[in-house]
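K.L.:
Okay, so here is coords10.txt, and as you'll see once you scroll down, it has compact mmCIF, C-alpha atoms.
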```
# COMPACT_ATOMS: atom_id res chain seq x y z
CA MET A 8 5.37 16.73 -6.06
CA ASN A 9 6.42 13.10 -5.76
CA ILE A 10 8.70 12.01 -8.62
CA ILE A 11 9.20 8.28 -9.01
CA VAL A 12 11.65 7.28 -11.71
CA ASN A 13 10.90 4.11 -13.63
CA ILE A 14 13.73 2.09 -12.10
CA LYS A 15 13.33 -0.98 -14.23
CA LYS A 16 13.27 0.97 -17.49
CA ALA A 17 16.28 3.07 -16.51
CA LYS A 18 18.30 -0.03 -15.69
CA LYS A 19 17.19 -1.71 -18.88
CA ASP A 20 18.27 1.32 -20.92
CA LEU A 21 21.68 1.29 -19.24
CA GLU A 22 22.12 -2.41 -19.91
CA MET A 23 21.13 -1.99 -23.55
CA LYS A 24 23.70 0.77 -24.00
CA PHE A 25 26.35 -1.31 -22.26
CA ASN A 26 25.58 -4.36 -24.39
CA LYS A 27 25.62 -2.28 -27.56
CA LEU A 28 29.02 -0.76 -26.74
CA ALA A 29 30.35 -4.11 -25.60
CA THR A 30 29.29 -5.65 -28.92
CA ILE A 31 31.13 -2.92 -30.80
CA LEU A 32 34.27 -3.45 -28.75
CA LEU A 33 34.09 -7.23 -29.01
CA THR A 34 33.59 -6.98 -32.76
CA GLY A 35 36.71 -4.86 -32.89
CA ALA A 36 38.51 -7.39 -30.72
CA LEU A 37 37.49 -10.23 -33.04
CA SER A 38 38.76 -8.32 -36.03
CA ALA A 39 41.98 -7.67 -34.18
CA CYS A 40 42.34 -11.39 -33.49
CA LEU A 41 42.05 -12.16 -37.18
CA ILE A 42 44.67 -9.57 -37.97
CA VAL A 43 46.91 -10.92 -35.24
CA GLY A 44 46.59 -14.38 -36.73
CA ALA A 45 47.50 -13.12 -40.17
CA ALA A 46 50.35 -11.09 -38.80
CA GLY A 47 51.64 -14.14 -36.93
CA CYS A 48 51.81 -16.14 -40.17
CA ALA A 49 53.91 -13.34 -41.64
CA SER A 50 56.16 -13.39 -38.54
CA ASN A 51 55.44 -9.70 -37.99
CA ASP A 52 56.27 -9.62 -34.26
CA SER A 53 55.81 -5.86 -33.98
CA ALA A 54 52.29 -6.00 -35.44
CA VAL A 55 51.37 -8.88 -33.16
CA LYS A 56 52.55 -7.03 -30.07
CA ASP A 57 50.73 -3.88 -31.12
CA LEU A 58 47.47 -5.73 -31.62
CA GLU A 59 47.86 -7.60 -28.34
CA ASN A 60 48.14 -4.22 -26.61
CA LYS A 61 44.93 -3.14 -28.32
CA LEU A 62 43.15 -6.28 -27.13
CA SER A 63 44.35 -5.58 -23.60
CA GLY A 64 42.91 -2.10 -23.96
CA TYR A 65 39.57 -3.53 -25.07
CA GLU A 66 39.43 -5.77 -22.01
CA SER A 67 40.31 -2.88 -19.70
CA LYS A 68 37.64 -0.69 -21.30
CA LEU A 69 34.98 -3.37 -20.93
CA ASP A 70 35.93 -3.84 -17.29
CA GLU A 71 35.64 -0.09 -16.68
CA MET A 72 32.23 -0.03 -18.38
CA GLY A 73 31.01 -2.94 -16.28
CA LYS A 74 32.01 -1.15 -13.09
CA LEU A 75 30.38 2.04 -14.32
CA LEU A 76 27.15 0.20 -15.07
CA GLU A 77 27.16 -1.33 -11.60
CA GLU A 78 27.68 2.10 -10.02
CA MET A 79 24.89 3.62 -12.09
CA ASN A 80 22.52 0.78 -11.19
CA ASN A 81 23.32 1.27 -7.52
CA SER A 82 22.66 4.98 -7.89
CA LEU A 83 19.14 4.15 -9.08
CA LYS A 84 18.08 2.69 -5.73
CA PRO A 85 14.62 3.99 -4.69
CA THR A 86 16.07 5.71 -1.62
CA GLU A 87 17.56 8.36 -3.88
CA ILE A 88 14.79 8.90 -6.41
CA ILE A 89 11.53 8.99 -4.45
CA ALA A 90 10.68 12.37 -2.98
CA PRO A 91 8.45 11.86 0.10
CA VAL A 92 5.12 13.67 0.23
CA GLU A 93 2.93 13.62 3.32
CA TYR A 94 -0.18 15.52 4.37
CA SER A 95 -0.71 14.41 7.94
CA GLU A 96 -1.98 17.78 9.17
CA GLU A 97 -4.75 17.87 6.56
CA CYS A 98 -5.71 14.31 7.49
CA TYR A 99 -5.64 15.26 11.16
CA GLU A 100 -8.05 18.15 10.58
CA LYS A 101 -10.49 15.70 9.01
CA VAL A 102 -10.03 13.29 11.93
CA LYS A 103 -10.94 16.12 14.31
CA TYR A 104 -14.06 16.94 12.30
CA ILE A 105 -15.14 13.32 12.18
CA ASP A 106 -14.56 12.98 15.92
CA SER A 107 -16.59 16.06 16.83
CA VAL A 108 -19.38 16.02 14.23
CA LEU A 109 -19.59 12.54 12.66
CA ARG A 110 -18.87 10.22 15.55
CA ASP A 111 -21.97 8.00 15.31
CA ARG A 112 -21.69 6.54 11.81
CA ASP A 113 -23.45 3.25 12.48
CA CYS A 114 -24.93 2.30 9.09
CA ILE A 115 -28.19 1.01 10.58
CA ASN A 116 -29.25 3.72 12.99
CA GLY A 117 -26.32 6.08 13.47
CA GLU A 118 -27.36 9.71 13.70
CA SER A 119 -24.32 10.82 11.66
CA PHE A 120 -24.26 8.13 8.97
CA GLU A 121 -26.13 10.02 6.24
CA LEU A 122 -24.31 13.22 7.16
CA ALA A 123 -21.02 11.38 6.75
CA GLN A 124 -22.04 10.40 3.20
CA LYS A 125 -22.81 14.02 2.33
CA TRP A 126 -19.61 15.27 3.95
CA ILE A 127 -17.46 12.84 1.96
CA ALA A 128 -19.19 13.84 -1.28
CA TRP A 129 -18.96 17.56 -0.46
CA ASN A 130 -15.21 17.32 0.11
CA LEU A 131 -14.76 15.52 -3.20
CA LEU A 132 -16.77 18.18 -5.02
CA GLN A 133 -14.77 20.96 -3.36
CA ALA A 134 -11.56 19.25 -4.47
CA GLY A 135 -12.65 19.42 -8.11
CA TYR A 136 -14.41 16.14 -8.85
CA GLY A 137 -17.73 16.44 -10.66
CA GLU A 138 -21.09 15.27 -9.38
CA ASP A 139 -21.14 12.65 -12.13
CA ASP A 140 -17.79 11.34 -10.90
CA ILE A 141 -19.27 10.30 -7.55
CA LYS A 142 -21.12 6.97 -7.72
CA TYR A 143 -23.26 5.28 -5.11
CA GLN A 144 -23.57 1.50 -4.96
CA ASP A 145 -26.48 0.28 -2.86
CA VAL A 146 -25.59 -2.61 -0.58
CA THR A 147 -28.29 -4.78 0.97
CA PHE A 148 -27.56 -6.95 3.99
CA THR A 149 -29.47 -8.71 6.74
CA ARG A 150 -28.93 -8.16 10.43
CA ARG A 151 -30.87 -10.27 12.94
CA GLY A 152 -33.60 -11.02 10.44
CA THR A 153 -34.03 -7.43 9.25
CA GLU A 154 -32.89 -6.24 5.82
CA TYR A 155 -31.02 -2.97 5.46
CA THR A 156 -29.68 -1.02 2.49
CA SER A 157 -26.92 1.59 2.52
CA PRO A 158 -24.44 2.80 -0.10
CA ASN A 159 -20.79 2.45 -0.91
CA ILE A 160 -19.38 5.73 -2.20
CA VAL A 161 -17.09 5.41 -5.23
CA ILE A 162 -14.85 8.00 -6.89
CA LYS A 163 -12.48 7.22 -9.77
CA LYS A 164 -9.41 9.20 -10.78
CA GLN A 165 -8.64 8.12 -14.33
CA GLY A 166 -5.02 7.39 -15.16
CA LYS A 167 -3.26 6.88 -18.47
CA SER A 168 -3.74 3.14 -18.04
CA GLU A 169 -6.93 1.19 -17.43
CA LYS A 170 -4.96 -0.79 -14.87
CA GLN A 171 -6.24 0.32 -11.49
CA ILE A 172 -5.39 0.49 -7.82
CA ILE A 173 -8.38 0.35 -5.49
CA VAL A 174 -8.12 2.29 -2.21
CA GLY A 175 -10.80 1.32 0.30
CA ALA A 176 -11.82 2.59 3.74
CA HIS A 177 -15.05 1.82 5.59
CA TYR A 178 -17.00 4.88 6.71
CA ASP A 179 -19.45 3.15 9.03
CA GLY A 180 -18.84 2.75 12.76
CA THR A 181 -18.45 4.92 15.83
CA GLY A 182 -14.69 5.12 16.29
CA THR A 183 -12.27 7.91 15.56
CA GLY A 184 -9.44 5.47 14.98
CA ASP A 185 -11.75 2.78 13.60
CA ASN A 186 -12.30 4.11 11.08
CA GLY A 187 -12.38 7.88 11.09
CA SER A 188 -8.64 7.73 10.40
CA GLY A 189 -9.11 5.62 7.27
CA ILE A 190 -11.81 7.96 5.96
CA ALA A 191 -9.56 10.96 6.52
CA LEU A 192 -6.56 9.43 4.74
CA ALA A 193 -8.52 8.11 1.75
CA LEU A 194 -10.42 11.38 1.31
CA THR A 195 -7.36 13.62 1.60
CA THR A 196 -5.44 11.42 -0.85
CA ALA A 197 -8.28 11.66 -3.37
CA GLU A 198 -8.14 15.44 -3.01
CA LYS A 199 -4.37 15.52 -3.48
CA ILE A 200 -4.34 13.68 -6.82
CA VAL A 201 -7.41 15.26 -8.43
CA ASP A 202 -5.37 17.38 -10.87
CA MET A 203 -2.46 14.99 -11.34
CA GLU A 204 -1.62 12.93 -14.40
CA LEU A 205 -1.28 9.40 -13.10
CA GLU A 206 0.03 6.27 -14.75
CA TYR A 207 -2.63 4.06 -13.20
CA THR A 208 -6.29 4.69 -12.52
CA VAL A 209 -7.05 5.02 -8.80
CA THR A 210 -10.51 4.06 -7.54
CA PHE A 211 -11.46 5.17 -4.03
CA VAL A 212 -14.28 3.29 -2.33
CA PHE A 213 -15.79 4.30 1.01
CA PHE A 214 -17.39 1.08 2.20
CA THR A 215 -20.56 0.68 4.21
CA ALA A 216 -21.39 -2.08 6.70
CA GLU A 217 -17.88 -3.22 7.50
CA GLU A 218 -18.73 -3.46 11.18
CA TYR A 219 -21.53 -5.91 10.42
CA GLY A 220 -19.47 -8.33 8.38
CA CYS A 221 -17.67 -6.47 5.55
CA HIS A 222 -20.88 -6.37 3.48
CA GLY A 223 -19.99 -3.23 1.53
CA SER A 224 -16.57 -4.39 0.37
CA THR A 225 -17.81 -7.90 -0.38
CA ALA A 226 -20.65 -6.50 -2.50
CA TYR A 227 -18.24 -4.26 -4.39
CA ALA A 228 -15.78 -7.09 -5.08
CA ASN A 229 -18.57 -9.47 -6.12
CA ALA A 230 -19.95 -6.90 -8.57
CA MET A 231 -16.62 -6.50 -10.38
CA THR A 232 -16.48 -7.88 -13.92
CA GLU A 233 -13.77 -10.27 -15.02
CA THR A 234 -12.19 -7.41 -16.96
CA GLU A 235 -12.19 -5.16 -13.90
CA ILE A 236 -10.62 -7.90 -11.81
CA ALA A 237 -7.95 -8.52 -14.45
CA ASN A 238 -7.22 -4.79 -14.63
CA THR A 239 -6.86 -4.41 -10.85
CA LEU A 240 -3.22 -4.37 -9.82
CA TYR A 241 -4.09 -4.55 -6.14
CA MET A 242 -6.34 -3.22 -3.40
CA ILE A 243 -5.19 -1.02 -0.48
CA ASN A 244 -7.28 -1.34 2.68
CA LEU A 245 -7.15 1.52 5.22
CA ASP A 246 -8.55 0.50 8.59
CA SER A 247 -7.79 1.84 12.08
CA LEU A 248 -4.61 3.78 11.42
CA VAL A 249 -3.84 5.87 14.49
CA CYS A 250 -4.38 4.18 17.85
CA GLY A 251 -1.95 1.27 17.91
CA ASP A 252 1.65 1.30 19.06
CA TYR A 253 3.14 0.61 15.62
CA ALA A 254 2.34 1.13 11.94
CA TYR A 255 1.84 -2.15 10.07
CA ILE A 256 1.20 -3.31 6.53
CA TYR A 257 0.04 -6.80 5.56
CA GLY A 258 -0.50 -8.79 2.38
CA GLY A 259 -0.69 -12.29 0.92
CA VAL A 260 -2.62 -15.54 1.22
CA GLN A 261 -1.64 -18.10 3.84
CA ASP A 262 -0.93 -21.60 2.52
CA ASN A 263 -0.79 -23.91 5.54
CA GLU A 264 -0.23 -27.07 3.50
CA ASN A 265 3.02 -25.75 2.06
CA LYS A 266 3.83 -23.52 5.04
CA THR A 267 4.16 -20.38 2.97
CA VAL A 268 2.34 -17.17 2.09
CA THR A 269 1.52 -16.62 -1.58
CA GLN A 270 0.39 -13.59 -3.60
CA THR A 271 2.61 -11.19 -1.69
CA GLN A 272 3.57 -9.12 -4.73
CA ALA A 273 1.55 -6.05 -3.70
CA TYR A 274 2.90 -6.22 -0.15
CA ASP A 275 6.47 -6.67 -1.44
CA ASN A 276 6.09 -3.65 -3.71
CA ALA A 277 4.69 -1.52 -0.87
CA MET A 278 7.42 -2.57 1.55
CA GLU A 279 10.11 -1.82 -1.05
CA VAL A 280 8.66 1.67 -1.54
CA ALA A 281 8.33 2.17 2.22
CA LYS A 282 11.97 1.26 2.79
CA SER A 283 13.06 3.59 0.00
CA LEU A 284 11.23 6.40 1.80
CA GLY A 285 12.80 5.59 5.14
CA LEU A 286 9.47 4.68 6.70
CA SER A 287 9.34 2.54 9.82
CA LEU A 288 6.70 -0.13 9.19
CA LYS A 289 6.17 -3.52 10.75
CA SER A 290 4.46 -6.72 9.60
CA ASN A 291 2.70 -9.46 11.50
CA PRO A 292 5.73 -11.22 13.05
CA TRP A 293 4.47 -14.81 13.30
CA THR A 294 5.81 -17.56 11.04
CA TRP A 295 5.97 -21.38 11.06
CA GLU A 296 9.51 -21.08 12.38
CA LYS A 297 8.43 -18.54 15.01
CA PRO A 298 4.72 -18.84 15.89
CA ALA A 299 3.03 -16.64 18.48
CA PRO A 300 3.65 -17.52 22.15
CA GLY A 301 1.72 -20.64 23.09
CA TYR A 302 1.12 -21.72 19.48
CA ASP A 303 2.64 -24.57 17.48
CA GLU A 304 1.97 -22.86 14.16
CA PRO A 305 0.77 -19.40 13.12
CA ASP A 306 -2.93 -18.67 12.86
CA TYR A 307 -1.92 -15.67 10.75
CA ALA A 308 1.41 -16.14 9.01
CA SER A 309 3.57 -13.14 8.16
CA PRO A 310 3.08 -11.01 6.15
CA SER A 311 -0.62 -11.92 5.89
CA THR A 312 -3.39 -11.19 8.38
CA GLY A 313 -6.91 -12.29 9.28
CA ASN A 314 -10.04 -11.92 7.17
CA TRP A 315 -11.66 -9.39 9.49
CA SER A 316 -11.55 -6.29 7.29
CA ASP A 317 -12.43 -5.01 3.83
CA HIS A 318 -9.51 -6.62 2.03
CA ARG A 319 -11.27 -9.98 2.39
CA GLY A 320 -13.67 -9.71 -0.54
CA PHE A 321 -10.86 -8.73 -2.92
CA LYS A 322 -8.56 -11.44 -1.59
CA ASN A 323 -11.33 -13.98 -2.31
CA LYS A 324 -11.40 -12.76 -5.92
CA GLY A 325 -7.68 -13.36 -6.30
CA ILE A 326 -6.83 -9.65 -6.16
CA PRO A 327 -3.60 -8.89 -4.25
CA TYR A 328 -3.98 -6.53 -1.32
CA VAL A 329 -2.02 -4.29 1.04
CA TYR A 330 -3.64 -3.60 4.39
CA PHE A 331 -2.61 -0.56 6.49
CA GLU A 332 -3.22 -0.71 10.25
CA ALA A 333 -1.79 0.64 13.52
CA THR A 334 -1.74 -1.95 16.31
CA ASN A 335 0.61 -4.21 18.27
CA TRP A 336 0.97 -7.91 17.43
CA GLU A 337 3.53 -8.53 20.14
CA ILE A 338 1.11 -8.33 23.07
CA PRO A 339 -1.99 -10.45 23.76
CA GLY A 340 -5.39 -9.05 22.91
CA PRO A 341 -8.60 -9.17 24.94
CA TYR A 342 -8.90 -12.92 24.33
CA GLU A 343 -5.22 -13.57 25.19
CA GLU A 344 -4.38 -14.15 21.54
CA TYR A 345 -1.47 -12.54 19.72
CA ASP A 346 -3.56 -11.45 16.75
CA GLY A 347 -3.16 -7.68 16.66
CA TYR A 348 -6.22 -6.91 18.74
CA GLY A 349 -4.08 -5.89 21.71
CA GLU A 350 -3.46 -2.61 19.89
CA THR A 351 -1.60 -0.74 22.67
CA TYR A 352 0.76 -1.87 25.42
CA LEU A 353 -0.32 0.93 27.76
CA ILE A 354 -4.11 0.62 27.81
CA GLY A 355 -4.93 -2.31 25.54
CA MET A 356 -7.57 -2.28 22.83
CA LEU A 357 -9.33 0.89 21.70
CA MET A 358 -11.09 -0.19 18.50
CA ASN A 359 -14.68 -1.26 19.05
CA THR A 360 -14.66 0.27 22.53
CA GLU A 361 -16.13 3.46 23.97
CA ASN A 362 -12.61 4.87 24.30
CA ASP A 363 -12.00 5.19 20.56
CA TYR A 364 -12.31 8.98 20.46
CA LEU A 365 -9.84 11.80 19.97
CA GLU A 366 -9.54 13.20 23.49
CA TYR A 367 -8.91 9.78 24.98
CA ILE A 368 -6.35 8.79 22.34
CA GLU A 369 -4.42 12.03 22.70
CA LYS A 370 -4.55 11.90 26.49
CA TYR A 371 -2.51 8.70 26.54
CA PHE A 372 -0.67 9.00 23.22
CA PRO A 373 0.08 12.66 22.44
CA GLY A 374 1.40 13.07 18.89
CA ARG A 375 0.70 9.48 17.88
CA ILE A 376 -2.17 10.30 15.53
CA GLN A 377 -0.07 12.78 13.55
CA GLN A 378 2.92 10.44 13.43
CA HIS A 379 0.96 7.47 12.08
CA LEU A 380 -0.88 9.67 9.59
CA LYS A 381 2.49 11.01 8.40
CA THR A 382 3.79 7.49 7.84
CA PHE A 383 0.69 6.17 6.10
CA SER A 384 0.06 9.26 3.96
CA THR A 385 3.65 9.22 2.72
CA LEU A 386 3.37 5.58 1.68
CA LEU A 387 -0.12 5.81 0.20
CA TYR A 388 0.75 8.82 -1.93
CA ALA A 389 3.88 7.10 -3.23
CA LEU A 390 1.88 4.00 -4.17
CA VAL A 391 -0.97 5.71 -6.01
CA THR A 392 1.47 7.91 -7.95
CA GLN A 393 3.85 5.08 -8.80
CA THR A 394 4.76 4.95 -12.46
CA GLU A 395 5.46 1.23 -12.50
CA VAL A 396 4.61 -1.31 -9.83
CA ASN A 397 7.53 -3.51 -8.95
CA PHE A 398 5.89 -6.82 -9.93
```
Turn the structure described in the file into C-alpha cells.
P.N.:
Amino acid sequence: MNIIVNIKKAKKDLEMKFNKLATILLTGALSACLIVGAAGCASNDSAVKDLENKLSGYESKLDEMGKLLEEMNNSLKPTEIIAPVEYSEECYEKVKYIDSVLRDRDCINGESFELAQKWIAWNLLQAGYGEDDIKYQDVTFTRRGTEYTSPNIVIKKQGKSEKQIIVGAHYDGTGTGDNGSGIALALTTAEKIVDMELEYTVTFVFFTAEEYGCHGSTAYANAMTETEIANTLYMINLDSLVCGDYAYIYGGVQDNENKTVTQTQAYDNAMEVAKSLGLSLKSNPWTWEKPAPGYDEPDYASPSTGNWSDHRGFKNKGIPYVYFEATNWEIPGPYEEYDGYGETYLIGMLMNTENDYLEYIEKYFPGRIQQHLKTFSTLLYALVTQTEVNF
C-alpha cells in the first residue's frame, strides 16, 4: 500500500514545536537579563557571571534545536516517505486483450467499439463498483455532414473531500498504444483503489471520439458546473503510453507575450512526486532560450504541449492538467517538426498508423511496453492516493 505522509503538515508541526520551545527559552533568557541587570546594580559579580553562563547555554540550546529541525525537515523529503506501487503486469494483460479482441474501436463504425464499452464496464463491476456507479454521457458530434452519438463512460471513486482529480483516457481508435495503453492504465488504476479510503475523489472518464477532434472530452468539460470546476484540482490525461522512446509528462498554458508557461502547478506537483519515486520522466524540451532546431521560438514551450488530446477541453476551462505520453521530442516527426510526433528513433511514428499493434511494437522494442507501464502506473497511483497536493 502506498503511504504518503503529509509533508507540509509534518514540517509545520515541527516548526510550531520549535517556535514554542524557543519562546520558552527566550522568555527565560529575558528574565535572566533582568536579573543580570539587577545583580549588576548590586555589584554581585558572581551572580552576573552565573547568569551569563546560563544565557550562553540558552543560545547553544537554541542553535542545537535549529540544527535538529533542519535535519528533521531534510528527513521528510518525499524520496524517503513514498512507497512505490506499480501494476504494470496487470496493465499489460489488459493491453494484450485489447490488442487481440478490441482492436477496432472506431467510434463511428468500429466492430469492437460497443464491445469495448461493455468490457470496460464489466471490469469495473468485477472490481466491486456497482451498476449505479457507472454513468454514460452521450456525446453528439458531426463528421462530414453526418451526426453521430456515442458515450463517455464515467466512474467516480468518492474520497473524503469533494475536491477531485479527473483521470481521462480515450477508448476510441484502432491502436494498441494509441490508446489501448491509456485504457488499460486507467481501468487497472480504478480497480486498484476501489476499496481504498482516499483523501480526494477520483473521477475516471473513458472518452469517446478523441480521434475525431476530442469531442468526448470537450463535451464532458463543457458540461461541468462551476462548482465541479472549482472542486477539480487537476485533470490527468493518459494517451499513447507505450510506443515512444521516452516517458513524458506535460502541463501548463503557454504565454507567448510574456515568454512563460503559466498554470504549471499540477505538472510541478507530479514531477516532484515522480522525482521522489526515482522515476525517469522527461518533458517537452523546447523553450524560448532553446527552441526546436530550425525555429526562432517554441511552438510548444516546456513543460506544456499541443492541444491535440483530451486535456484540451479542461485546459480551456482553466483546469490544470498533467498529460502522460511516451514519445520522442528530440527527433523530427513525419512533417519534419520537432513536436513529439516522431515517437521512435528506430522506426518513426506508430500512432495513427497500421503498425500500432502489439506484435509490431514488441518486435522492435521488446520490454518497452512493460517498462513504460511500470513508470506511469507508479506515478498515477501515487497521484490519485496523495493526501495533499503540493500546491
K.L.:
Which residues, protein or nucleic acid, reach to within 12 Å of (-6.1, -7.6, 23.4) in the file's coordinates when using only C-alpha atoms, and can you give that as a list in words?
P.N.:
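Neighbouring residues, ordered by chain and number, come to Gly251, Thr334, Asn335, Trp336, Glu337, Ile338, Pro339, Gly340, Pro341, Tyr342, Glu343, Glu344, Tyr345, Asp346, Gly347, Tyr348, Gly349, Glu350, Thr351, Tyr352, Leu353, Ile354, Gly355, Met356, Leu357, Met358, Asn359 and Thr360 of chain A.
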K.L.:
Return as a Markdown table the residues of region 216-330 of chain A lying at most 12 Å from region 101-107 of chain A, together with the closest atom-to-atom pair for each and the distance in Å to one decimal, counting all atoms listed in the file, with rows in chain order and ascending residue number.
P.N.:
```
| residue | atom | partner | partner_atom | distance |
| --- | --- | --- | --- | --- |
| A:Ser247 | CA | A:Val102 | CA | 11.7 |
| A:Leu248 | CA | A:Val102 | CA | 11.0 |
| A:Val249 | CA | A:Val102 | CA | 10.0 |
```
K.L.:
Could those residues be written to a file, using C-alpha atoms, as a short mmCIF file (atom, residue, chain, number, x, y, z; two decimals), in the frame of the given file?
P.N.:
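The resulting file, out_17.cif, is reproduced below:
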```cif
data_model
loop_
_atom_site.label_atom_id
_atom_site.label_comp_id
_atom_site.auth_asym_id
_atom_site.auth_seq_id
_atom_site.Cartn_x
_atom_site.Cartn_y
_atom_site.Cartn_z
CA SER A 247 -7.79 1.84 12.08
CA LEU A 248 -4.61 3.78 11.42
CA VAL A 249 -3.84 5.87 14.49
#
```
K.L.:
Can you build me a table of region 166-204 of chain A residues sitting at most 10 Å from region 365-380 of chain A, with the closest atom pair per residue and its distance in Å to one decimal, using all atoms listed in the file, sorted by chain and residue number, as CSV?
P.N.:
```
residue,atom,partner,partner_atom,distance
A:Gly182,CA,A:Leu365,CA,9.0
A:Thr183,CA,A:Leu365,CA,6.4
A:Gly184,CA,A:Leu365,CA,8.1
A:Ser188,CA,A:Leu380,CA,8.0
A:Gly189,CA,A:Leu380,CA,9.5
A:Ala191,CA,A:Leu380,CA,9.3
A:Leu192,CA,A:Leu380,CA,7.5
```
K.L.:
Would you save the residues from that selection as an mmCIF file, in the frame of the given file, using C-alpha atoms?
P.N.:
```
data_model
loop_
_atom_site.group_PDB
_atom_site.id
_atom_site.type_symbol
_atom_site.label_atom_id
_atom_site.label_comp_id
_atom_site.auth_asym_id
_atom_site.auth_seq_id
_atom_site.Cartn_x
_atom_site.Cartn_y
_atom_site.Cartn_z
ATOM 1 C CA GLY A 182 -14.690 5.120 16.290
ATOM 2 C CA THR A 183 -12.270 7.910 15.560
ATOM 3 C CA GLY A 184 -9.440 5.470 14.980
ATOM 4 C CA SER A 188 -8.640 7.730 10.400
ATOM 5 C CA GLY A 189 -9.110 5.620 7.270
ATOM 6 C CA ALA A 191 -9.560 10.960 6.520
ATOM 7 C CA LEU A 192 -6.560 9.430 4.740
#
```
K.L.:
Could you pull the residues within 12 Å of Phe211 (chain A), counting only C-alpha atoms, minus those fewer than 3 positions along the same chain, as a count of residues only?
P.N.:
41
K.L.:
Can you tell me which residues surround Leu286 (chain A) at a distance of at most 12 Å, considering all atoms listed in the file, apart from same-chain residues fewer than 3 positions away, and format the answer as a VMD selection string?
P.N.:
chain A and resid 86 91 to 93 253 to 256 277 to 283 289 378 to 387 389
K.L.:
What is the CA of Phe120 (chain A) to CA of Phe331 (chain A) distance in Å?
P.N.:
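Taking CA of Phe120 (chain A) and CA of Phe331 (chain A), their separation equals 23.5 Å.
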K.L.:
Have a look at A:Cys221, A:Gly187, A:Asp139, A:Thr269 and name the one nearest to Leu109 (chain A); count only C-alpha atoms.
P.N.:
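Nearest to Leu109 (chain A): A:Gly187.
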K.L.:
Counting all atoms listed in the file, which of A:Glu395, A:Ser287, A:Ser95, A:Arg110 gets nearest to Ser168 (chain A)?
P.N.:
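Residue with the minimum atom-to-atom distance to Ser168 (chain A): A:Glu395.
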K.L.:
For Asn116 (chain A), list every protein, DNA or RNA residue within 12 Å, evaluated using all atoms listed in the file, and leave out those in the same chain fewer than 4 positions away; present the list as a PyMOL selection string.
P.N.:
chain A and resi 111-112+120-121+155-157+179-181+216
K.L.:
Grab the CA of Ser309 (chain A) to CA of Glu218 (chain A) distance for me, in Å with one decimal place.
P.N.:
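Atom-to-atom, CA of Ser309 (chain A) and CA of Glu218 (chain A) are spaced 24.5 Å apart.
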K.L.:
Report, in Å to a single decimal, how far apart CA of Val396 (chain A) and CA of Pro327 (chain A) are.
P.N.:
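So the answer is 12.5 Å.
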K.L.:
A:Thr267, A:Asn130, A:Asn291, A:Asn186: which is nearest Gly313 (chain A), counting all atoms listed in the file?
P.N.:
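The shortest atom-to-atom distance to Gly313 (chain A) comes from A:Asn291.
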K.L.:
Have a look at A:Tyr330, A:Tyr178, A:Tyr241, A:Phe321 and name the one nearest to Thr215 (chain A); count all atoms listed in the file.
P.N.:
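Among the listed residues, A:Tyr178 lies closest to Thr215 (chain A).
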